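Novice: My questions will all concern the structure given below.
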Protein chains: 2
Amino acid sequence: MQGETVARKAVGIKDVAREAGVSVTTVSHILNDVESARASDETRERVKSTAERLGYGANRIARSLRRQQSEMIGLLSEEIATTPHAGRIILGAQEAARKRGLTLMLINTSRDEFDIQRDTDALLRQQVDGVLYATMYHREIDLPRLLRSVPTVLIDSTSRDGSIPSVVPDEEGGAYVAVNELIEHGHRRIGFITNSDDVPATRGRLAGYRRALGDAGLEFESRLVVSEQSETPGGYKAAVAVLDRVDRPTGLFCYNDRMAMGAYRAAAELGLRIPADLSIVGFDNQELIAEGLYPALTTVALPHYEMGEWALGALADLIQPEAVIGTAPSSADPVYESAVLPCPLVRRHSVAAPRSEGEPAHD
Amino acid sequence: MQGETVARKAVGIKDVAREAGVSVTTVSHILNDVESARASDETRERVKSTAERLGYGANRIARSLRRQQSEMIGLLSEEIATTPHAGRIILGAQEAARKRGLTLMLINTSRDEFDIQRDTDALLRQQVDGVLYATMYHREIDLPRLLRSVPTVLIDSTSRDGSIPSVVPDEEGGAYVAVNELIEHGHRRIGFITNSDDVPATRGRLAGYRRALGDAGLEFESRLVVSEQSETPGGYKAAVAVLDRVDRPTGLFCYNDRMAMGAYRAAAELGLRIPADLSIVGFDNQELIAEGLYPALTTVALPHYEMGEWALGALADLIQPEAVIGTAPSSADPVYESAVLPCPLVRRHSVAAPRSEGEPAHD
DNA sequence: TTGTACGCGTTATCAT
DNA sequence: ATGATAACGCGTACAA
């Protein structure tokens with residue numbers, strides 16, 4: 001690690017050409033599978049093997065300059081890199097990118113308008129072929145103007161005018177599954193402690209809760225749902241409000257795992273054992289919490305990895321529409337629809353059947 | 001977002017030159033602050049302003065090809081992107097990078113030898129100027145051979161032979177501060193529930209615990225420290241072992257916040273109130289847990305952001321030693337020493353003075 | 001003080 | 001079936 005640069009292998013295309021006894025053109029043709037130019041099978045093999053032997057790999061920078069595309073895609077994330085979930089979406093995008101020979105460039109931006117402009121600008125100056133814009137939580141946004149000039153797909157948010165492909169979690173479906181898990185275990189009175197902010201997740205999860213209730217022929221009782229701040233203390237307060245009464249619910253669906261954590265404390269203080277006296281289902285699958293709580297929390301997972309993966313795929317197709325074999329060659333360009341990804345239930349140990357009506361109370 | 005490419009601004013250096021009525025050389029010289037070539041102040045100003053006006057920024061790809069350096073640094077992280085801490089180190093590195101005009105490329109790799117080779121190779125093929133290698137947790141590693149050929153700095157790990165700059169947290173110091181917080185509140189019997197894996201963090205935190213005890217004239221009692229798996233259930237088991245006895249400690253230092261979470265449960269089951277009957281200090285500052293627990297957990301923060309930041313700075317200096325003004329011009333190259341960054345205490349509400357000896361027990 | 005021309009490593013065009 | 005060479009956009013040695 002000295003000033004003297006250790007001669008890094010500078011094996012270039014001409015090295016391969018010389019070694020194989022052909023011209024660089026031929027090497028390039030063969031290695032890039034150029035249709036038009038044909039070479040004898042013998043030459044083809046020889047070039048490929050010597051390239052392999054020398055450990056040749058095209059200099060991406062030179063290639064990018066020539067081809068006028070960087071094969072890099074920018075991931076612009078709004079403060080997301082700090083949240084626990086972020087890693088999963090980055091990972092999903094990263095692995096999908098590698099599969100396609102693309103590389104991911106990260107830029108973390110704040111939610112400040114000015115910063116976003118500046119960071120977007122920086123990204124475009126890097127000649128990224130496209131950008132993934134990830135928001136910190138599911139919501140609706142106006143796309144920064146600069147991004148209009150480059151293929152973009154949104155992660156965990158939708159554009160206000162709907163013109164940009166995006167991928168979001170199926171909040172409603174997730175809530176439906178969660179509540180249904182409670183219903184299938186026999187619960188008939190199910191509370192819901194939720195977020196007081198008016199964001200898509202709040203609306204979607206409430207809708208799922210109502211729909212699950214409705215499908216089971218259960219009535220929606222407004223006093224069974226209480227809103228609070230979506231943190232642990234809020235969960236505690238909301239849970240106390242819902243549970244500290246004689247006709248308390250036997251099942252509780254929580255807006256997220258943090259609120260569920262608060263609900264655990266409320267239950268403990270009220271002498272309610274989980275899941276014997278109270279079954280709980282959370283949302284988000286924050287493993288630190290869900291696995292740390294006792295008993296471990298049954299919850300619904302947000303498909304972060306999958307969103308990252310899907311978004312990258314959509315973006316790649318946007319940039320270079322792949323010749324999908326077998327598809328009817330409709331002349332219209334295959335505009336990518338947005339996706340709504342399912343939120344699967346993760347069963348742990350916080351759900352059980354309610355004590356039957358006649359069964360004596362424990363305390 | 002159509003097939004028709006929206007003509008992205010292709011303002012190049014010649015556009016600026018033409019517009020300003022000078023040659024490209026002049027523009028380049030001025031914009032790159034080339035010492036040797038001087039231009040009249042008037043020209044200088046005119047060029048700069050027109051460049052600004054046209055929104056010119058050098059094409060990074062062309063520049064990289066010419067300069068033979070990409071201005072990109074690779075962040076190779078071992079499965080780290082999935083852990084909650086990861087974001088902080090990525091963020092630290094990313095922001096430090098932007099300050100220096102560098103960009104970060106992420107590659108997530110597994111701990112599999114083969115994958116690491118392949119990913120490293122991919123990174124080098126991108127002509128990164130240097131790489132940051134981040135491990136999932138603090139430990140000692142052997143640097144992948146390929147990385148020996150490129151400037152590298154290690155994050156959260158040290159190389160076995162000590163030849164590579166690295167940055168790690170001061171585990172011992174952090175533990176010292178944690179235990180000392182307990183001591184300063186008047187605790188004299190302090191338990192320690194720790195990890196059973198033999199990693200640097202285990203050794204360092206134990207050393208810090210012992211040193212703090214020693215400095216306060218307290219005796220080390222081996223039955224006050226118990227090892228378990230470093231997860232919440234392990235914390236529970238260990239805490240029960242330490243606390244379920246008449247001469248139980250009044251203060252408890254936990255290897256990490258997850259184990260502390262288990263300790264909270266143990267305390268609750270034993271009828272011990274926190275912090276009235278038992279004070280607890282954790283380690284890691286996992287906000288989800290530390291802020292979610294009740295009462296909120298006093299803990300020690302790992303300097304993830306700072307490690308990312310420091311590492312990037314060290315790497316940048318390794319790549320292009322900055323002319324540090326005012327530094328004695330020692331002829332020897334300023335080899336970057338490794339760094340050990342402090343772990344600050346984060347006070348919340350789990351520590352209080354112990355009940356005085358004579359005070360009646362609550363239950 | 002400024003301009004011309006070459007080279008960075010590839011890919012693409014056009015001869016042969 | 002293969003090879004010579006221009007071009008990608010910039011930085012800079014060298015000439016003017």
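Scheme for the structure tokens: letters A, B, ... for chains in order shown; per-chain residue numbers from 1; ligand numbers from 1 in order shown.
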Please produce, as JSON lines, a per-residue contact table for chain B versus chain C (criterion: any atom at most 9 Å away, only C-alpha atoms (C1' of nucleotides) considered), showing the nearest atom pair and its distance in Å to one decimal, sorted by chain then residue number.
Specialist:
{"residue": "B:Val22", "atom": "CA", "partner": "C:DT2", "partner_atom": "C1'", "distance": 7.9}
{"residue": "B:Ser23", "atom": "CA", "partner": "C:DG3", "partner_atom": "C1'", "distance": 6.3}
{"residue": "B:Val24", "atom": "CA", "partner": "C:DG3", "partner_atom": "C1'", "distance": 8.3}
{"residue": "B:Thr25", "atom": "CA", "partner": "C:DG3", "partner_atom": "C1'", "distance": 7.4}
{"residue": "B:Thr26", "atom": "CA", "partner": "C:DT2", "partner_atom": "C1'", "distance": 7.0}
{"residue": "B:Ala37", "atom": "CA", "partner": "C:DT1", "partner_atom": "C1'", "distance": 8.1}
{"residue": "B:Arg38", "atom": "CA", "partner": "C:DT1", "partner_atom": "C1'", "distance": 7.0}
{"residue": "B:Ala39", "atom": "CA", "partner": "C:DT1", "partner_atom": "C1'", "distance": 6.2}
{"residue": "B:Ser40", "atom": "CA", "partner": "C:DT1", "partner_atom": "C1'", "distance": 7.9}
{"residue": "B:Ala62", "atom": "CA", "partner": "C:DC8", "partner_atom": "C1'", "distance": 8.6}
{"residue": "B:Ser64", "atom": "CA", "partner": "C:DC8", "partner_atom": "C1'", "distance": 8.7}
{"residue": "B:Leu65", "atom": "CA", "partner": "C:DC8", "partner_atom": "C1'", "distance": 5.3}
{"residue": "B:Arg66", "atom": "CA", "partner": "C:DC8", "partner_atom": "C1'", "distance": 4.7}
{"residue": "B:Arg67", "atom": "CA", "partner": "C:DC8", "partner_atom": "C1'", "distance": 7.6}
{"residue": "B:Gln68", "atom": "CA", "partner": "C:DC8", "partner_atom": "C1'", "distance": 7.3}
Novice: Within 9 Å of chain B, which residues of chain D are there when counting only C-alpha atoms (C1' of nucleotides)? Please give them as a VMD selection string.
Specialist: chain D and resid 8 to 12
Novice: Would you put the residues from that selection into a file with C-alpha atoms (C1' of nucleotides), as a JSON list (two decimals), in the first residue's frame?
Specialist:
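Once everything was written out, this is result.json:
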[["chain", "number", "residue", "atom", "x", "y", "z"],
["D", 8, "DC", "C1'", -16.29, 8.49, -27.92],
["D", 9, "DG", "C1'", -14.94, 13.45, -24.62],
["D", 10, "DC", "C1'", -11.48, 14.96, -22.17],
["D", 11, "DG", "C1'", -6.58, 16.44, -20.55],
["D", 12, "DT", "C1'", -2.23, 18.01, -21.72]]
Novice: From the options A:Leu206, A:Leu31, A:Ala276, A:Ala93, which residue's atoms come nearest to chain B, counting only C-alpha atoms?
Specialist: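 Closest candidate: A:Ala93.
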Novice: Please list as a list of chain:residue names every residue within 7 Å of stretch 157-170 of chain A, counting only C-alpha atoms (C1' of nucleotides) and excluding residues in the same chain fewer than 5 positions away.
Specialist: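 Contacts, in chain order: A:Thr135, A:His138, A:Arg139, A:Glu140, A:Ile141, A:Asp142, A:Leu143, A:Leu302, A:Pro303, A:Met307, A:Ala311, A:Tyr336, A:Glu337, A:Ser338, A:Ala339, A:Val340, A:Leu341, A:Pro342, A:Cys343.
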Novice: Limited to N, CA and C atoms, could you put the picked residues into a file as an mmCIF file, in the first residue's frame?
Specialist:
data_model
loop_
_atom_site.group_PDB
_atom_site.id
_atom_site.type_symbol
_atom_site.label_atom_id
_atom_site.label_comp_id
_atom_site.auth_asym_id
_atom_site.auth_seq_id
_atom_site.Cartn_x
_atom_site.Cartn_y
_atom_site.Cartn_z
ATOM 1 N N THR A 135 -37.901 6.130 -1.481
ATOM 2 C CA THR A 135 -38.295 6.997 -0.387
ATOM 3 C C THR A 135 -38.245 6.236 0.927
ATOM 4 N N HIS A 138 -43.554 4.594 2.463
ATOM 5 C CA HIS A 138 -44.533 4.585 1.396
ATOM 6 C C HIS A 138 -45.323 5.899 1.324
ATOM 7 N N ARG A 139 -45.140 6.607 0.235
ATOM 8 C CA ARG A 139 -45.930 7.830 0.081
ATOM 9 C C ARG A 139 -45.966 8.322 -1.362
ATOM 10 N N GLU A 140 -46.657 9.428 -1.545
ATOM 11 C CA GLU A 140 -46.819 9.988 -2.881
ATOM 12 C C GLU A 140 -45.879 11.169 -3.063
ATOM 13 N N ILE A 141 -45.208 11.221 -4.198
ATOM 14 C CA ILE A 141 -44.258 12.323 -4.367
ATOM 15 C C ILE A 141 -44.374 12.979 -5.739
ATOM 16 N N ASP A 142 -43.756 14.130 -5.834
ATOM 17 C CA ASP A 142 -43.576 14.769 -7.131
ATOM 18 C C ASP A 142 -42.144 14.481 -7.524
ATOM 19 N N LEU A 143 -41.975 13.952 -8.691
ATOM 20 C CA LEU A 143 -40.631 13.592 -9.116
ATOM 21 C C LEU A 143 -39.785 14.841 -9.351
ATOM 22 N N LEU A 302 -42.715 -6.650 5.033
ATOM 23 C CA LEU A 302 -42.710 -5.724 3.903
ATOM 24 C C LEU A 302 -41.710 -6.273 2.893
ATOM 25 N N PRO A 303 -42.064 -6.316 1.629
ATOM 26 C CA PRO A 303 -41.196 -6.960 0.632
ATOM 27 C C PRO A 303 -40.093 -6.030 0.133
ATOM 28 N N MET A 307 -38.897 -5.435 -3.665
ATOM 29 C CA MET A 307 -39.143 -4.153 -4.321
ATOM 30 C C MET A 307 -37.869 -3.668 -5.009
ATOM 31 N N ALA A 311 -37.736 -3.278 -8.992
ATOM 32 C CA ALA A 311 -37.459 -1.945 -9.521
ATOM 33 C C ALA A 311 -36.263 -1.982 -10.457
ATOM 34 N N TYR A 336 -43.900 -0.238 -18.766
ATOM 35 C CA TYR A 336 -43.921 -1.006 -17.547
ATOM 36 C C TYR A 336 -44.999 -0.506 -16.619
ATOM 37 N N GLU A 337 -45.869 -1.373 -16.278
ATOM 38 C CA GLU A 337 -46.877 -1.000 -15.299
ATOM 39 C C GLU A 337 -46.203 -0.949 -13.940
ATOM 40 N N SER A 338 -46.842 -0.294 -13.048
ATOM 41 C CA SER A 338 -46.310 -0.273 -11.704
ATOM 42 C C SER A 338 -46.700 -1.572 -11.011
ATOM 43 N N ALA A 339 -45.994 -1.885 -9.961
ATOM 44 C CA ALA A 339 -46.268 -3.133 -9.274
ATOM 45 C C ALA A 339 -46.657 -2.898 -7.822
ATOM 46 N N VAL A 340 -47.478 -3.795 -7.333
ATOM 47 C CA VAL A 340 -47.873 -3.773 -5.929
ATOM 48 C C VAL A 340 -47.506 -5.154 -5.412
ATOM 49 N N LEU A 341 -46.504 -5.217 -4.591
ATOM 50 C CA LEU A 341 -45.989 -6.513 -4.149
ATOM 51 C C LEU A 341 -46.620 -7.009 -2.850
ATOM 52 N N PRO A 342 -46.856 -8.301 -2.763
ATOM 53 C CA PRO A 342 -47.517 -8.878 -1.599
ATOM 54 C C PRO A 342 -46.664 -8.818 -0.337
ATOM 55 N N CYS A 343 -47.355 -8.716 0.779
ATOM 56 C CA CYS A 343 -46.701 -8.695 2.088
ATOM 57 C C CYS A 343 -47.046 -9.997 2.800
#
Novice: Find the spatial neighbours of A:Thr103, counting only C-alpha atoms (C1' of nucleotides), within a cut-off of 9 Å - ignore same-chain residues fewer than 4 positions away - and output them as number ranges by chain.
Specialist: A: 71-74, 94, 97-98; B: 105-107, 126
Novice: May I have the selected residues written with C-alpha atoms, as an mmCIF file, in the first residue's frame?
Specialist:
data_model
loop_
_atom_site.group_PDB
_atom_site.id
_atom_site.type_symbol
_atom_site.label_atom_id
_atom_site.label_comp_id
_atom_site.auth_asym_id
_atom_site.auth_seq_id
_atom_site.Cartn_x
_atom_site.Cartn_y
_atom_site.Cartn_z
ATOM 1 C CA GLU A 71 -23.962 0.487 -17.308
ATOM 2 C CA MET A 72 -24.346 2.106 -13.963
ATOM 3 C CA ILE A 73 -27.583 2.872 -12.359
ATOM 4 C CA GLY A 74 -27.970 5.349 -9.563
ATOM 5 C CA GLN A 94 -27.796 -4.766 -6.022
ATOM 6 C CA ALA A 97 -28.072 -5.429 -10.945
ATOM 7 C CA ARG A 98 -25.193 -7.796 -10.825
ATOM 8 C CA MET B 105 -20.091 1.817 -5.603
ATOM 9 C CA LEU B 106 -21.687 -0.853 -3.546
ATOM 10 C CA ILE B 107 -21.121 -4.511 -3.777
ATOM 11 C CA GLN B 126 -14.751 -1.318 -12.690
#
Novice: Can you list, as a PyMOL selection string, every residue of stretch 6-206 of chain A that DSSP puts in strand (DSSP E)?
Specialist: chain A and resi 72-78+103-109+130-141+152-159+166-169+190-195
Novice: Just write the chosen residues, N, CA and C atoms, as a CSV table (one decimal), in the first residue's frame.
Specialist:
chain,number,residue,atom,x,y,z
A,72,MET,N,-24.2,1.9,-15.4
A,72,MET,CA,-24.3,2.1,-14.0
A,72,MET,C,-25.7,2.7,-13.7
A,73,ILE,N,-26.3,2.3,-12.7
A,73,ILE,CA,-27.6,2.9,-12.4
A,73,ILE,C,-27.5,3.5,-11.0
A,74,GLY,N,-28.1,4.6,-10.8
A,74,GLY,CA,-28.0,5.3,-9.6
A,74,GLY,C,-29.1,5.0,-8.6
A,75,LEU,N,-28.8,4.8,-7.4
A,75,LEU,CA,-29.9,4.6,-6.4
A,75,LEU,C,-29.9,5.8,-5.5
A,76,LEU,N,-30.9,6.6,-5.7
A,76,LEU,CA,-31.0,7.9,-5.0
A,76,LEU,C,-32.0,7.6,-3.9
A,77,SER,N,-31.5,7.6,-2.7
A,77,SER,CA,-32.4,7.3,-1.6
A,77,SER,C,-32.5,8.4,-0.5
A,78,GLU,N,-33.7,8.6,-0.2
A,78,GLU,CA,-34.0,9.7,0.7
A,78,GLU,C,-33.7,9.2,2.2
A,103,THR,N,-24.0,-1.9,-12.4
A,103,THR,CA,-23.5,-1.6,-11.1
A,103,THR,C,-24.3,-0.5,-10.5
A,104,LEU,N,-24.4,-0.6,-9.2
A,104,LEU,CA,-25.2,0.4,-8.5
A,104,LEU,C,-24.4,1.5,-7.8
A,105,MET,N,-24.8,2.7,-8.0
A,105,MET,CA,-24.1,3.8,-7.4
A,105,MET,C,-25.1,4.4,-6.4
A,106,LEU,N,-24.6,4.6,-5.2
A,106,LEU,CA,-25.5,5.1,-4.1
A,106,LEU,C,-25.3,6.5,-3.9
A,107,ILE,N,-26.4,7.2,-3.8
A,107,ILE,CA,-26.4,8.6,-3.3
A,107,ILE,C,-27.5,8.7,-2.3
A,108,ASN,N,-27.1,9.2,-1.1
A,108,ASN,CA,-28.1,9.3,-0.1
A,108,ASN,C,-28.5,10.8,-0.1
A,109,THR,N,-29.8,11.1,-0.1
A,109,THR,CA,-30.1,12.5,-0.2
A,109,THR,C,-31.1,12.8,1.0
A,130,GLY,N,-29.8,5.2,-15.7
A,130,GLY,CA,-31.1,5.3,-15.1
A,130,GLY,C,-31.0,5.5,-13.6
A,131,VAL,N,-32.1,5.8,-13.0
A,131,VAL,CA,-32.1,5.9,-11.6
A,131,VAL,C,-33.3,5.3,-10.9
A,132,LEU,N,-33.0,4.8,-9.7
A,132,LEU,CA,-34.0,4.3,-8.8
A,132,LEU,C,-34.1,5.3,-7.7
A,133,TYR,N,-35.4,5.7,-7.5
A,133,TYR,CA,-35.6,6.7,-6.4
A,133,TYR,C,-36.4,6.0,-5.3
A,134,ALA,N,-35.7,5.9,-4.2
A,134,ALA,CA,-36.3,5.2,-3.1
A,134,ALA,C,-36.7,6.2,-1.9
A,135,THR,N,-37.9,6.1,-1.5
A,135,THR,CA,-38.3,7.0,-0.4
A,135,THR,C,-38.2,6.2,0.9
A,136,MET,N,-38.3,7.0,2.0
A,136,MET,CA,-38.1,6.4,3.3
A,136,MET,C,-39.3,5.6,3.7
A,137,TYR,N,-40.4,6.0,3.3
A,137,TYR,CA,-41.6,5.3,3.7
A,137,TYR,C,-42.6,5.4,2.5
A,138,HIS,N,-43.6,4.6,2.5
A,138,HIS,CA,-44.5,4.6,1.4
A,138,HIS,C,-45.3,5.9,1.3
A,139,ARG,N,-45.1,6.6,0.2
A,139,ARG,CA,-45.9,7.8,0.1
A,139,ARG,C,-46.0,8.3,-1.4
A,140,GLU,N,-46.7,9.4,-1.5
A,140,GLU,CA,-46.8,10.0,-2.9
A,140,GLU,C,-45.9,11.2,-3.1
A,141,ILE,N,-45.2,11.2,-4.2
A,141,ILE,CA,-44.3,12.3,-4.4
A,141,ILE,C,-44.4,13.0,-5.7
A,152,THR,N,-36.5,6.4,-14.9
A,152,THR,CA,-36.5,6.3,-13.5
A,152,THR,C,-37.6,5.4,-13.0
A,153,VAL,N,-37.4,4.7,-11.9
A,153,VAL,CA,-38.5,4.0,-11.3
A,153,VAL,C,-38.5,4.3,-9.8
A,154,LEU,N,-39.6,4.4,-9.3
A,154,LEU,CA,-39.8,4.7,-7.9
A,154,LEU,C,-40.0,3.5,-7.0
A,155,ILE,N,-39.4,3.6,-5.8
A,155,ILE,CA,-39.5,2.5,-4.9
A,155,ILE,C,-40.2,3.0,-3.6
A,156,ASP,N,-41.2,2.3,-3.3
A,156,ASP,CA,-42.0,2.6,-2.1
A,156,ASP,C,-42.7,4.0,-2.1
A,157,SER,N,-42.9,4.4,-3.3
A,157,SER,CA,-43.7,5.6,-3.5
A,157,SER,C,-44.3,5.7,-4.9
A,158,THR,N,-45.3,6.5,-5.1
A,158,THR,CA,-45.9,6.6,-6.4
A,158,THR,C,-45.8,8.1,-6.8
A,159,SER,N,-45.8,8.3,-8.1
A,159,SER,CA,-45.7,9.7,-8.5
A,159,SER,C,-47.1,10.3,-8.5
A,166,SER,N,-43.5,2.4,-10.7
A,166,SER,CA,-43.2,2.4,-9.3
A,166,SER,C,-43.6,1.1,-8.7
A,167,VAL,N,-43.0,0.8,-7.6
A,167,VAL,CA,-43.3,-0.5,-6.9
A,167,VAL,C,-43.5,-0.1,-5.4
A,168,VAL,N,-44.6,-0.6,-4.9
A,168,VAL,CA,-45.0,-0.4,-3.6
A,168,VAL,C,-45.5,-1.7,-2.9
A,169,PRO,N,-45.6,-1.7,-1.6
A,169,PRO,CA,-46.1,-2.9,-0.9
A,169,PRO,C,-47.6,-2.9,-0.9
A,190,ILE,N,-61.6,-8.0,17.4
A,190,ILE,CA,-60.2,-7.7,17.0
A,190,ILE,C,-60.0,-6.2,17.0
A,191,GLY,N,-59.1,-5.8,17.8
A,191,GLY,CA,-58.7,-4.4,17.9
A,191,GLY,C,-57.7,-4.0,16.9
A,192,PHE,N,-57.5,-2.7,16.6
A,192,PHE,CA,-56.5,-2.3,15.7
A,192,PHE,C,-55.9,-1.0,16.2
A,193,ILE,N,-54.6,-1.0,16.5
A,193,ILE,CA,-54.0,0.3,16.9
A,193,ILE,C,-53.2,0.7,15.8
A,194,THR,N,-53.4,1.9,15.4
A,194,THR,CA,-52.8,2.4,14.1
A,194,THR,C,-52.2,3.8,14.2
A,195,ASN,N,-51.6,4.1,13.1
A,195,ASN,CA,-50.8,5.4,13.0
A,195,ASN,C,-51.8,6.6,12.8
Novice: From the DSSP assignment of the backbone, select every residue of stretch 239-294 of chain A that is alpha helix (DSSP H), and format the answer as a list in words.
Specialist: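 The residues of stretch 239-294 of chain A classed as alpha helix (DSSP H) are Ala239, Val240, Ala241, Val242, Leu243, Asp257, Arg258, Met259, Ala260, Met261, Gly262, Ala263, Tyr264, Arg265, Ala266, Ala267, Ala268, Glu269, Glu287, Leu288, Ile289 and Ala290 of chain A.
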Novice: Need to verify the contact set: B:Val346, 7 Å, only C-alpha atoms (C1' of nucleotides), exclusion of same-chain residues closer than 4 positions in sequence. Can you return it as a list in words?
Specialist: Thr298, Thr299, Val300 and Ala301 of chain B
Novice: For the residues in the current selection, export C-alpha atoms as a compact mmCIF listing (two decimals), in the first residue's frame.
Specialist:
# COMPACT_ATOMS: atom_id res chain seq x y z
CA THR B 298 -29.13 3.69 28.48
CA THR B 299 -26.53 2.23 26.19
CA VAL B 300 -23.29 2.78 24.36
CA ALA B 301 -23.24 3.75 20.70
Novice: When you draw a straight line from atom CA of A:Phe283 to atom CA of A:His304, how long is it in Å?
Specialist: 13.1 Å
Novice: For B:Tyr294, work out the shell of residues within 8 Å, counting only C-alpha atoms (C1' of nucleotides) and skipping chain neighbours fewer than 3 positions away, then give it as a list in words.
Specialist: Arg265 of chain A; Glu291 and Leu297 of chain B
Novice: Given the selection you just returned, output its residues as a file containing N, CA and C atoms, formatted as a PDB file, in the first residue's frame.
Specialist:
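Saved file again.pdb follows:
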ATOM      1  N   ARG A 265     -46.149  -4.258  26.305  1.00  0.00           N
ATOM      2  CA  ARG A 265     -45.993  -3.690  27.642  1.00  0.00           C
ATOM      3  C   ARG A 265     -47.359  -3.428  28.275  1.00  0.00           C
TER       4      ARG A 265
ATOM      5  N   GLU B 291     -34.942   2.606  22.336  1.00  0.00           N
ATOM      6  CA  GLU B 291     -36.007   3.575  22.536  1.00  0.00           C
ATOM      7  C   GLU B 291     -37.354   2.898  22.755  1.00  0.00           C
ATOM      8  N   LEU B 297     -33.630   2.447  27.220  1.00  0.00           N
ATOM      9  CA  LEU B 297     -32.340   1.891  27.633  1.00  0.00           C
ATOM     10  C   LEU B 297     -31.138   2.821  27.469  1.00  0.00           C
TER      11      LEU B 297
END
Novice: Can you work out the spacing between atom CA of B:Gly282 and atom CA of B:Arg258 in Å, to one decimal?
Specialist: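 For atom CA of B:Gly282 relative to atom CA of B:Arg258, the distance reads 8.3 Å.
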Novice: Which residues come within 7 Å of A:Ala352, counting only C-alpha atoms (C1' of nucleotides), excluding same-chain residues fewer than 2 positions away, as a count of residues only?
Specialist: 6
Novice: Check the smallest atom-to-atom distance from each of A:Arg205, A:His187, A:Arg210, A:Lys99 to chain B using only C-alpha atoms, then report the winner.
Specialist: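 Selected residue with least distance to chain B: A:Lys99.
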